[in-house]
Structures are given as structure tokens and as C-alpha cells.
Amino acid sequence: MILTRRFVFRGNAAAVGGQLYRPDTIIIETDGASSLGVVGGRSIAELEGRAYGDVMAFDAAFTLAEGLFDDPKQAAAVTDHQGYQDQLTTTTTVTSEVRGLRVGVKPVFTAKRIRATLVSRTPGAGGEPPIAPQKDTTIQGAAVGGFGLVIALNLTPFQRYDTHSKLVAATADPRVAGTLEGPLLLRTALEGQPPPRSPRLLSAGAAAPVVYATIVREIRWADRAYPGARIDGHTVIVPDFGTIYFGELLISSSERRLTMARFDLGSPIGGYGACAMVDTDGSWFP
């Protein structure tokens, strides 16, 4: 047997997800999500409104995962034994959009529209696929208990440094390292530890490190702050609700995973939820 080198597609998009344990156990189920098979193609889901107890609901959602060869004519020639698949290039797009989101009981977090898109392209000689968030990525009409939030995003660093290697190399370049302290949380403390004396990447895993980052530039209240709430970086801490994490991006040498809003719910509701989640990579095998 002889194995032929081929491209293995991968892309996933989910609208909402989570698991709640107080006061009742609720596993958040969605009958629509998008996921690619190893040979690529297109997966689309359109969801009507859903409600999960009194804790989470949305009006509509859409997900897309698409992985295609860039040149259909060249791809057709390869299927006719005129060339090889590793001469082709690919593009994978994953998108998730949620409209009319509501989370919590009192107070309630609401958002008119949350959307995430990542695009991945064929890995170069170094083996890392370039992956970047797209300009349609957005959080619109967010509010806590009716108090509006303005969430400004910063996609540029992750478009410019679209591989893990480029991003790590940029942190060592004194000409640009300062601009990456916010997106890469280079001076952010870990729970139970003091703030670092010098900038460092928040990463986990020795063999294949995953860097934690955020696409959020700034969060501010549109007018007045919700009473007792506090903005800290890309998070909002709300009494009697919990913590909301916006624009979280996990970056490895082969994958990027973007979550637009994640909820660590505290009293009186206990559990975890998230919305507008996308991830993609892609590699040649063998």
C-alpha cells in the first residue's frame, strides 16, 4: 500500500454551549452547529430561538464551516491524475453568529448581535497554518441589566501575526512588543500569583504550548455603570451574576480557537456558558 499526501480539513462553529448546576442542572443543547469532515466541504446551520430554563436564551443563530481548495480547475485536474493534492492551496472559514442573546436572571446580560469569524489557509513550509480573525467579528448592543457596554475589538495583531511562530517572535521585537502587552496579557497575573515583574506569555503545555490572548481592545460603559459592577481588562465582573469574559483567543502552532463571550456564573446561578465559538486548523498528512 502507498499513502498519498493529502490535506486534512478541520473547522468547527457553535452558537451556544454550557452546563449549569445551580439551582437546577441544565445541559445546554443545540440542534445546530457546523463541523467539517476530513475532506472539507461546507456545513451550515440556521437556528431559531431557544431558551434554556430561565438562564439563557437567544432569538436566532447561524453557523458555518467551509473548507475548500482555492482553485476548482486545478483540483479537478488532480482528481484526473494530473498533479498531486499537495500542489493545491486551501481556505477554511468558520463563522458563528448569535442574535438576541440573554443570560442570567437578575441582572440579565443581553446582546443584540455577537459574531465570530476565523479564516485558515494552507500551511507554509514551516507547517503552521496562517489563521486570522475577520473584520465581521463583532459584539453589538451589549448590556448588563439595561446598562450599556461598549466593547471595542483589536483584530490587527492577530491578522498581522497569523501564526504562532510570528506572534512569539513579535514579543521579542522591542519595536512592537509594547503593542502586544494588552492583546497577549503579558503583564496579567494568574490566580494566586503576583503580577509578573517582566512581560511573559500566558501559555500552557510544554510539548505544544497554547497561548491565551484576547481580541478586546477596551470595554467601557456606554453611560452609567451597573451598580457594583467592575471592568477588568477583557472581563466584566457583575454582582449576583458572575464574570463575563469577552473575545478569548487560544493560539497554538496548528490551531486558533475564538470564544466571543464566556460566562462564569456565580450566585444565585452556578455554572458555565459561552456563545459564538469557532476554531480551525488544517494540516497535510502524512
# chains A, B, ... in the order shown; residues from 1 in each chain; ligands from 1

$ closest_atom_pairs --of "range 89-145 of chain A" --to "range 247-268 of chain A" --cutoff "7 Å" --atoms "only C-alpha atoms" --output "tab-separated table"
residue	atom	partner	partner_atom	distance
A:Ala116	CA	A:Met260	CA	6.7
A:Glu128	CA	A:Ser254	CA	5.6
A:Pro129	CA	A:Ser254	CA	6.2
A:Ile131	CA	A:Arg256	CA	6.7

$ select_by_dssp --residues "range 8-91 of chain A" --states "alpha helix (DSSP H)" --output "PyMOL selection string"
chain A and resi 72-79

$ residues_around --residues "Gly126 in chain A" --least-positions-apart "6" --cutoff "12 Å" --atoms "only C-alpha atoms" --output "list of chain:residue names"
A:Thr163, A:His164, A:Ser165, A:Lys166, A:Ser253, A:Ser254, A:Ser283, A:Trp284

$ write_last_selection --atoms "C-alpha atoms" --output "PDB file, in the first residue's frame"
ATOM      1  CA  THR A 163       0.865  32.061  13.039  1.00  0.00           C
ATOM      2  CA  HIS A 164       2.078  31.029  16.477  1.00  0.00           C
ATOM      3  CA  SER A 165       5.719  31.500  15.433  1.00  0.00           C
ATOM      4  CA  LYS A 166       5.141  35.023  14.112  1.00  0.00           C
ATOM      5  CA  SER A 253       1.096  26.150  16.363  1.00  0.00           C
ATOM      6  CA  SER A 254      -1.714  24.415  14.463  1.00  0.00           C
ATOM      7  CA  SER A 283      -2.605  20.099   8.004  1.00  0.00           C
ATOM      8  CA  TRP A 284      -1.024  17.860   5.432  1.00  0.00           C
TER       9      TRP A 284
END

$ atom_distance --atom1 "CA of Lys112 in chain A" --atom2 "CA of Gly11 in chain A"
25.5 Å

$ residues_around --residues "Leu88 in chain A" --least-positions-apart "4" --cutoff "12 Å" --atoms "only C-alpha atoms" --output "list in words"
Arg5, Arg6, Phe7, Leu68, Phe69, Asp70, Asp71, Pro72, Lys73, Gln74, Ala75, Ala76, Ala77, Val78, Thr79, Gln82, Gly83, Tyr84, Arg121, Thr122, Pro123, Gly124 and Trp284 of chain A

$ residues_around --residues "range 50-59 of chain A" --least-positions-apart "2" --cutoff "7 Å" --atoms "only C-alpha atoms" --output "ChimeraX atom specification"
/A:28,48,99-105

$ residues_around --residues "range 186-201 of chain A" --least-positions-apart "5" --cutoff "9 Å" --atoms "only C-alpha atoms" --output "list in words"
Val168, Thr171, Leu180, Glu181, Val211, Tyr212 and Ala213 of chain A

$ residues_around --residues "range 132-134 of chain A" --least-positions-apart "5" --cutoff "9 Å" --atoms "only C-alpha atoms" --output "compact mmCIF listing (two decimals) with C-alpha atoms, in the first residue's frame"
# COMPACT_ATOMS: atom_id res chain seq x y z
CA ALA A 116 -17.01 35.50 15.18
CA THR A 117 -15.15 34.51 12.01
CA LEU A 118 -11.76 32.85 11.59
CA VAL A 119 -10.10 32.08 8.26
CA SER A 120 -7.33 29.49 7.96
CA LEU A 155 -8.04 42.30 15.43
CA THR A 156 -4.90 43.79 13.88
CA PHE A 158 -3.79 38.57 15.16
CA GLN A 159 -4.15 39.37 11.46
CA ARG A 160 -0.57 40.63 11.17
CA TYR A 161 0.93 37.78 13.22
CA ASP A 162 -1.26 35.00 11.88
CA THR A 163 0.86 32.06 13.04
CA ILE A 215 -9.12 40.38 20.75
CA ARG A 256 -6.80 29.06 16.82
CA LEU A 258 -12.07 32.06 19.45

$ closest_residue --among "A:Val150, A:Leu185, A:Leu20, A:Met1" --to "Gly270 in chain A" --atoms "only C-alpha atoms"
A:Leu20

$ closest_residue --among "A:Asp223, A:Glu29, A:Asp279, A:Asp173" --to "Thr93 in chain A" --atoms "only C-alpha atoms"
A:Asp279
